[in-house]
Amino acid sequence: MTLLDIQGLSVTIPSPAGPVQAVRRIDLNIAKGEIHGLIGESGCGKTMTGMALLGLAPAGAQVAARVFQFDGIDLAKSADALRGRRIALISQDPAAALNPVLTIGRQMDDVLRTHTLQPKADRTAAAVALLAATGLPDAAKLLKRYPHQLSGGMQQRVVIAQALATGADFLIADEPTTALDVTVGAQVLALLRQLVADRGLTVLMITHDMDVVAAVCDRATVLYAGLSVETGPASAILTRPRHPYTAALLAALPDAAPHGQRLAAIDGQVPASTKPISGCAFSPRCPAAMTLCHTVPPPARVRGDHRWACHVAEDAP
Amino acid sequence: MSGLVRRLGFGGTLCLALIVTFALLALFAPWLAPYPDQGMGTPNVIAKLKPPSATFWLGTDHLGRDGLSRVIFGARVSMSAGLLIVAFSLLIGLPVGLLAGYFGGWADEALMRVTDVFLAFPALLLAVLLAAALGPGLLNSIVAVAVTWWPWYARMARAEVLVLRGQPYVEAASVMGVSQGRIVIRHILPAAARPLLVQAALDVGPALLTASSLSFLGLGVLPPTADWGKMVDEGRKFFPDRWWVSAAPGIAIFLLALAFSVLGDALRDREGGKRP
Amino acid sequence: MTAPLLDVHDLVVRYKARGLFAAPSKPAVDRVSLSLPAGSTLGIVGESGSGKSSLLRAVLRLVPVESGSITLDGQDWLAIHGPALRHARHSIGFVAQNPFLSLSPRLTIAQILAEPLLARGDKPGAAMQDRMALLLSRCGLPPDFLARRARELSGGQAQRVSIARALALNPRLLVLDEPTSALDVSVQAQILNLLMDLKADFGLSMLFVTHNLKVVAHLADQLMVMRGGSVVESGATARVMSAPQQVYTRELMGFGRRA
């Protein structure tokens with residue numbers, strides 16, 4: 001069952017240098033209970049997409065979409081109402097997401113108080129249960145601690161517990177492991193996977209890291225220059241990418257080439273977000289580009305539940 | 001012009017214009033004042049304490065001197081007092097703070113304890129004491145105020161340097177074998193100086209107020225030189241019946257101090273968020 | 001076999017405990033030894049608190065060493081002080097993680113590249129301009145970049161400038177602190193390629209410190225895994241990657257994709 005259905009989302013931000021197309025045209029379709037990876041490099045619009053879903057696009061930004069629905073509700077009208085009730089954010093830096101001068105207990109209670117009518121004692125019990133559910137040991141003692149007394153991994157678990165406390169069933173996780181050590185990040189991902197299974201959550205996993213996609217994502221969408229260029233099952237994206245950009249991104253990973261061999265770097269740069277795009281956005285950097293690619297927007301290709309937009313890659317590899 | 005408004009905002013630009021106007025009045029006082037000789041102090045006893053009129057726009061004082069001419073000539077003293085106090089304070093405080101912050105250790109300890117001693121006294125009281133000890137006169141009063149002010153700049157410069165010293169580009173220079181003197185001058189000073197200059201702009205107003213206070217207390221310039229603080233003091237005896245004697249220089253002090261303060265704010269807003 | 005270019009023996013780095021009666025702190029680097037042959041690359045891998053950064057800063061002489069020795073090119077590196085140290089620093093080039101922080105924001109690229117050359121005592125002039133243009137071209141940038149400022153560059157371009165600056169004095173050793181961690185994957189590949197080219201063309205020796213095992217495994221000859229100030233595992237890259245002796249090393253290889 002589709003939980004999130006977005007078609008043709010664009011976010012335009014006015015600036016002194018002319019309107020910035022932070023998101024040009026993104027389609028995103030997420031089924032209930034799945035972890036959906038939103039993959040892209042800096043400036044591709046992945047964070048802005050998340051902010052638009054939360055109704056937190058910067059002031060003055062124009063958010064437009066043909067379809068912009070969450071569980072049948074129009075996000076264009078109701079994003080503010082859904083945020084902190086059904087949609088919650090887990091950001092990259094947990095230390096910044098927590099208030100440094102309030103105890104964990106106080107911050108959990110602040111969330112619970114706005115969402116339930118329970119008496120204080122019940123809320124405290126709920127807070128302990130939620131913290132324990134995120135794998136934090138000694139949850140009762142933790143209530144009296146301050147964020148700086150916790151490690152980064154523990155802080156991120158507290159942020160996740162807060163998200164659960166809102167009662168949200170859709171989590172937007174924006175690079176949740178990037179600020180953490182590799183081993184700690186792996187544990188946080190395992191926790192998210194488990195919460196999805198136990199509580200029927202749905203997660204939009206914004207990331208630049210293919211390892212994260214491989215570890216937890218069921219499906220994934222690849223963004224380039226504010227456009228969704230490929231979407232499909234995570235395993236297919238990682239092992240049988242259709243779009244040349246996805247393929248190039250995977251080939252640029254340091255373990256994609258034998259030790260000491262040159263890596264397949266992508267030449268050139270992402271097009272400026274202030275300029276219009278003619279043809280395929282990736283064509284100036286694409287090794288397979290034809291004349292057609294530079295002028296005509298690429299057609300949508302569909303093979304089962306795998307979709308991509310490319311003139312060249314009709315089917316194989 | 002529109003670029004200036006965009007950078008400083010409308011208020012900032014207006015205040016800059018006001019400051020420039022006062023500066024021009026001060027510079028060209030002998031040509032702009034209606035009665036230059038009265039502005040410089042020549043009495044005109046036949047027109048004592050006249051209210052504002054077409055001949056004397058701002059009235060006359062107890063020696064019959066034209067208020068407008070006195071205010072215009074007074075701008076010279078107040079302008080230079082405000083600017084010189086801040087300049088002297090920066091000149092002492094910036095190097096002291098730089099050295100203390102960059103080299104740390106006993107130099108830092110010693111320099112910071114010296115600033116502590118200065119900061120332990122109320123600034124105005126210390127300035128009054130110093131001015132009294134040095135004797136009246138414009139330069140003496142400027143020195144007296146600057147001596148009480150530089151520790152603030154030293155503190156601020158030191159704080160900036162402590163942040164900058166840990167910046168990767170400063171570390172990179174040190175790893176490359178760049179000499180310490182060059183690191184301070186080339187890499188730290190330009191970045192540390194900016195917030196200090198903004199603060200200095202903000203401080204010109206209070207500086208000229210302090211200088212005026214000293215004059216008001218009789219510790220500033222010597223008569224017959226026109227000085228706003230002194231003029232307010234002289235007019236005090238005739239207040240409120242002959243209000244214009246005090247009001248004209250008082251409003252001038254107020255306007256100039258306010259202008260520097262608003263301009264400093266505008267500069268600070270511009271600087272804000274632009275950390276290296 | 002010739003003597004190694006860099007030899008670290010039983011190195012201990014300890015930061016001062018705060019407070020008069022505080023117990024002495026645990027060493028940040030605890031009796032670490034390593035040996036880097038000329039022309040080879042050593043990857044030092046660890047998470048936060050592993051001591052990898054403290055080790056790097058000790059080699060760069062940015063933090064005091066409590067005990068142990070560092071020998072660089074046959075010289076007792078820790079015995080050099082003052083002006084002699086300033087001169088000796090020219091044999092080490094350093095590339096930091098974030099180029100936008102490690103390049104002076106107020107200076108042009110030309111001024112930035114001139115700093116090490118001036119520090120060596122070179123005179124400004126046409127020869128220096130040529131040298132700077134050559135450095136840029138070696139790092140894959142056109143000479144007209146000399147007039148720009150760092151903030152006008154992309155992350156990858158700025159990191160190339162940072163590498164060019166590190167190479168300005170033909171250092172014997174290049175020390176890299178997470179040189180690709182602030183960059184996108186596609187740009188990271190460009191920088192890794194550049195480093196491999198420089199290694200092949202100039203026989204550069206590199207100390208490559210990172211939290212990302214996969215990145216450094218691609219170009220390092222030797223790997224050293226650190227945890228809590230100590231070396232957990234070290235050896236030839238192929239051996240460590242194919243048959244890690246420690247569970248921790250395996251964990252560091254990351255989750256998900258298996259190449």
# chains A, B, ... in the order shown; residues from 1 in each chain; ligands from 1
call {"tool": "interface_residues", "arguments": {"of": "chain C", "to": "chain B", "cutoff": "7 Å", "atoms": "only C-alpha atoms", "output": "list in words"}}
result
Leu60, Arg86, His87, Arg89, His90, Leu101, Ser102, Leu103, Ser104, Pro105, Pro116 and Ala119 of chain C
call {"tool": "interface_residues", "arguments": {"of": "chain C", "to": "chain A", "cutoff": "10 Å", "atoms": "only C-alpha atoms", "output": "ChimeraX atom specification"}}
result
/C:46-48,154,156,183-197,211-221,237-238,248,250-259
call {"tool": "residues_around", "arguments": {"residues": "A:Leu75", "least_positions_apart": "5", "cutoff": "8 Å", "atoms": "only C-alpha atoms", "output": "list of chain:residue names"}}
result
A:Leu53, A:Gly55, A:Phe68, A:Gln69, A:Phe70
call {"tool": "atom_distance", "arguments": {"atom1": "atom CA of C:Ser91", "atom2": "atom CA of C:Thr180"}}
result
22.7 Å
call {"tool": "residues_around", "arguments": {"residues": "stretch 295-300 of chain A", "least_positions_apart": "6", "cutoff": "6 Å", "atoms": "only C-alpha atoms", "output": "count of residues only"}}
result
7
